[in-house]
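**Q** The structure follows.
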Amino acid sequence: MKIIADTGKCVGAGQCVLTEPALFDQSEEDGTVIVLNDTPDGELVEKAREAVNICPSQALSLEE
Ligand code: SF4
């Protein structure tokens, strides 16, 4: 599984960071998402799915 982030769609809401700070951070400049680990395993897989579902701008997706 791989996390894909479309920073063009990201509105910097930070929901992904709140969901799992081990996977996501936000740019200091414009608040857009930075993926810290795009190939999660273990319990982070579920967290990645949660973040994809919770993102208000559909900026995150998963490549299975
Ligand atoms: S939840 Fe979505 S819109 Fe918000 S920072 Fe993360 S990727 Fe961007």
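Naming works like this for the structure tokens: A, B, ... for the chains as they're shown, residue 1 at the start of each chain, ligands 1 onward in shown order.
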Which residues are near ligand 1 - at most 10 Å, using only C-alpha atoms and all ligand atoms? Format: as a ChimeraX atom specification.

**A** /A:4-19,24-27,31-35,51-61

**Q** The selected residues should be written to file as a short mmCIF file (atom, residue, chain, number, x, y, z; two decimals), in the first residue's frame (atoms: N, CA and C atoms).

**A**
data_model
loop_
_atom_site.label_atom_id
_atom_site.label_comp_id
_atom_site.auth_asym_id
_atom_site.auth_seq_id
_atom_site.Cartn_x
_atom_site.Cartn_y
_atom_site.Cartn_z
N ILE A 4 -0.90 8.32 -1.52
CA ILE A 4 -0.69 9.35 -2.54
C ILE A 4 -1.35 10.64 -2.03
N ALA A 5 -0.61 11.73 -2.05
CA ALA A 5 -1.17 13.01 -1.62
C ALA A 5 -1.13 13.99 -2.79
N ASP A 6 -2.27 14.58 -3.07
CA ASP A 6 -2.38 15.59 -4.11
C ASP A 6 -2.39 16.97 -3.43
N THR A 7 -1.22 17.58 -3.38
CA THR A 7 -1.12 18.85 -2.65
C THR A 7 -1.90 19.96 -3.35
N GLY A 8 -2.22 19.75 -4.63
CA GLY A 8 -3.04 20.72 -5.33
C GLY A 8 -4.47 20.75 -4.80
N LYS A 9 -4.92 19.63 -4.26
CA LYS A 9 -6.28 19.55 -3.71
C LYS A 9 -6.30 19.87 -2.22
N CYS A 10 -5.17 19.68 -1.55
CA CYS A 10 -5.12 19.84 -0.09
C CYS A 10 -5.45 21.27 0.31
N VAL A 11 -6.34 21.40 1.28
CA VAL A 11 -6.71 22.74 1.76
C VAL A 11 -6.09 23.03 3.13
N GLY A 12 -5.17 22.15 3.55
CA GLY A 12 -4.44 22.41 4.79
C GLY A 12 -5.28 22.31 6.05
N ALA A 13 -6.30 21.47 5.98
CA ALA A 13 -7.21 21.35 7.13
C ALA A 13 -6.54 20.64 8.31
N GLY A 14 -5.52 19.84 8.03
CA GLY A 14 -4.76 19.21 9.11
C GLY A 14 -5.44 18.01 9.74
N GLN A 15 -6.56 17.57 9.18
CA GLN A 15 -7.24 16.41 9.76
C GLN A 15 -6.36 15.16 9.69
N CYS A 16 -5.59 15.05 8.63
CA CYS A 16 -4.72 13.88 8.48
C CYS A 16 -3.65 13.86 9.57
N VAL A 17 -3.10 15.03 9.88
CA VAL A 17 -2.06 15.11 10.91
C VAL A 17 -2.64 14.74 12.27
N LEU A 18 -3.86 15.22 12.54
CA LEU A 18 -4.52 14.89 13.80
C LEU A 18 -4.80 13.40 13.88
N THR A 19 -5.13 12.81 12.73
CA THR A 19 -5.43 11.37 12.71
C THR A 19 -4.18 10.54 12.98
N PHE A 24 1.73 11.89 8.74
CA PHE A 24 1.49 13.17 8.05
C PHE A 24 2.01 14.36 8.83
N ASP A 25 2.47 15.36 8.09
CA ASP A 25 2.82 16.65 8.66
C ASP A 25 2.27 17.70 7.71
N GLN A 26 2.40 18.96 8.10
CA GLN A 26 1.93 20.04 7.23
C GLN A 26 3.07 20.99 6.94
N SER A 27 3.10 21.51 5.74
CA SER A 27 4.12 22.46 5.34
C SER A 27 4.04 23.72 6.20
N GLY A 31 0.79 25.11 4.73
CA GLY A 31 -0.09 24.21 5.47
C GLY A 31 -0.51 22.97 4.72
N THR A 32 0.00 22.80 3.50
CA THR A 32 -0.39 21.60 2.75
C THR A 32 0.31 20.36 3.31
N VAL A 33 -0.25 19.24 2.98
CA VAL A 33 0.19 17.99 3.60
C VAL A 33 1.58 17.57 3.13
N ILE A 34 2.33 17.01 4.07
CA ILE A 34 3.60 16.35 3.77
C ILE A 34 3.46 14.92 4.29
N VAL A 35 3.65 13.96 3.40
CA VAL A 35 3.57 12.56 3.82
C VAL A 35 4.92 12.14 4.37
N ALA A 51 -7.32 8.42 7.61
CA ALA A 51 -6.95 9.76 7.14
C ALA A 51 -7.51 10.02 5.75
N VAL A 52 -7.45 9.01 4.89
CA VAL A 52 -7.99 9.17 3.54
C VAL A 52 -9.49 9.47 3.61
N ASN A 53 -10.18 8.77 4.49
CA ASN A 53 -11.63 8.96 4.61
C ASN A 53 -12.00 10.29 5.24
N ILE A 54 -11.16 10.79 6.12
CA ILE A 54 -11.50 11.98 6.88
C ILE A 54 -11.11 13.28 6.16
N CYS A 55 -10.20 13.18 5.22
CA CYS A 55 -9.73 14.40 4.53
C CYS A 55 -10.90 15.09 3.82
N PRO A 56 -11.15 16.36 4.13
CA PRO A 56 -12.31 17.04 3.57
C PRO A 56 -12.18 17.39 2.09
N SER A 57 -10.99 17.31 1.54
CA SER A 57 -10.84 17.72 0.14
C SER A 57 -10.44 16.58 -0.78
N GLN A 58 -10.54 15.34 -0.27
CA GLN A 58 -10.16 14.15 -1.06
C GLN A 58 -8.76 14.29 -1.67
N ALA A 59 -7.86 14.87 -0.89
CA ALA A 59 -6.49 15.04 -1.38
C ALA A 59 -5.65 13.78 -1.20
N LEU A 60 -6.15 12.87 -0.38
CA LEU A 60 -5.37 11.65 -0.10
C LEU A 60 -6.02 10.45 -0.75
N SER A 61 -5.19 9.56 -1.27
CA SER A 61 -5.72 8.31 -1.79
C SER A 61 -4.70 7.21 -1.51
#

**Q** Just list as a list in words whatever in region 12-61 of chain A DSSP marks as helix (DSSP H, G or I).

**A**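 Here is the list: Gln15, Cys16, Val17, Leu18, Thr19, Leu44, Val45, Glu46, Lys47, Ala48, Arg49, Glu50, Ala51, Val52, Asn53 and Ile54 of chain A.
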
**Q** Tell me, as a list in words, which residues lie within 9 Å of Leu44 (chain A), counting only C-alpha atoms; anything in the same chain fewer than 6 positions away does not count.

**A**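 After dropping sequence-adjacent residues, the list is Glu20, Ala22 and Leu23 of chain A.
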
**Q** Can you tell me how far CA of Asp30 (chain A) sits from CA of Glu63 (chain A), in Å to one decimal?

**A**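 A separation of 25.6 Å between them.
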
**Q** Using Å and a single decimal, report how far CA of Leu36 (chain A) sits from CA of Glu50 (chain A).

**A**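 Answer for the CA of Glu50 (chain A) to CA of Leu36 (chain A) separation: 15.9 Å.
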
**Q** Could you check how far CA of Asp41 (chain A) sits from CA of Leu62 (chain A), in Å to one decimal?

**A** 12.9 Å

**Q** Taking only chain A into account, list the residues labelled strand (DSSP E or B) by DSSP (computed from the backbone), as a list in words.

**A**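 Filtering chain A down to strand (DSSP E or B) leaves Lys2, Ile3, Ile4, Ala5, Phe24, Asp25, Gln26, Val33, Ile34, Val35, Leu60, Ser61, Leu62 and Glu63 of chain A.
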
**Q** Keeping C-alpha atoms, export the residues of the selection given above as a short mmCIF file (atom, residue, chain, number, x, y, z; two decimals), in the first residue's frame.

**A**
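What follows is the written file out_8.cif:
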data_model
loop_
_atom_site.label_atom_id
_atom_site.label_comp_id
_atom_site.auth_asym_id
_atom_site.auth_seq_id
_atom_site.Cartn_x
_atom_site.Cartn_y
_atom_site.Cartn_z
CA LYS A 2 1.15 3.49 -0.84
CA ILE A 3 -0.27 6.84 0.26
CA ILE A 4 -0.69 9.35 -2.54
CA ALA A 5 -1.17 13.01 -1.62
CA PHE A 24 1.49 13.17 8.05
CA ASP A 25 2.82 16.65 8.66
CA GLN A 26 1.93 20.04 7.23
CA VAL A 33 0.19 17.99 3.60
CA ILE A 34 3.60 16.35 3.77
CA VAL A 35 3.57 12.56 3.82
CA LEU A 60 -5.37 11.65 -0.10
CA SER A 61 -5.72 8.31 -1.79
CA LEU A 62 -4.27 4.83 -1.46
CA GLU A 63 -2.59 2.70 -4.07
#
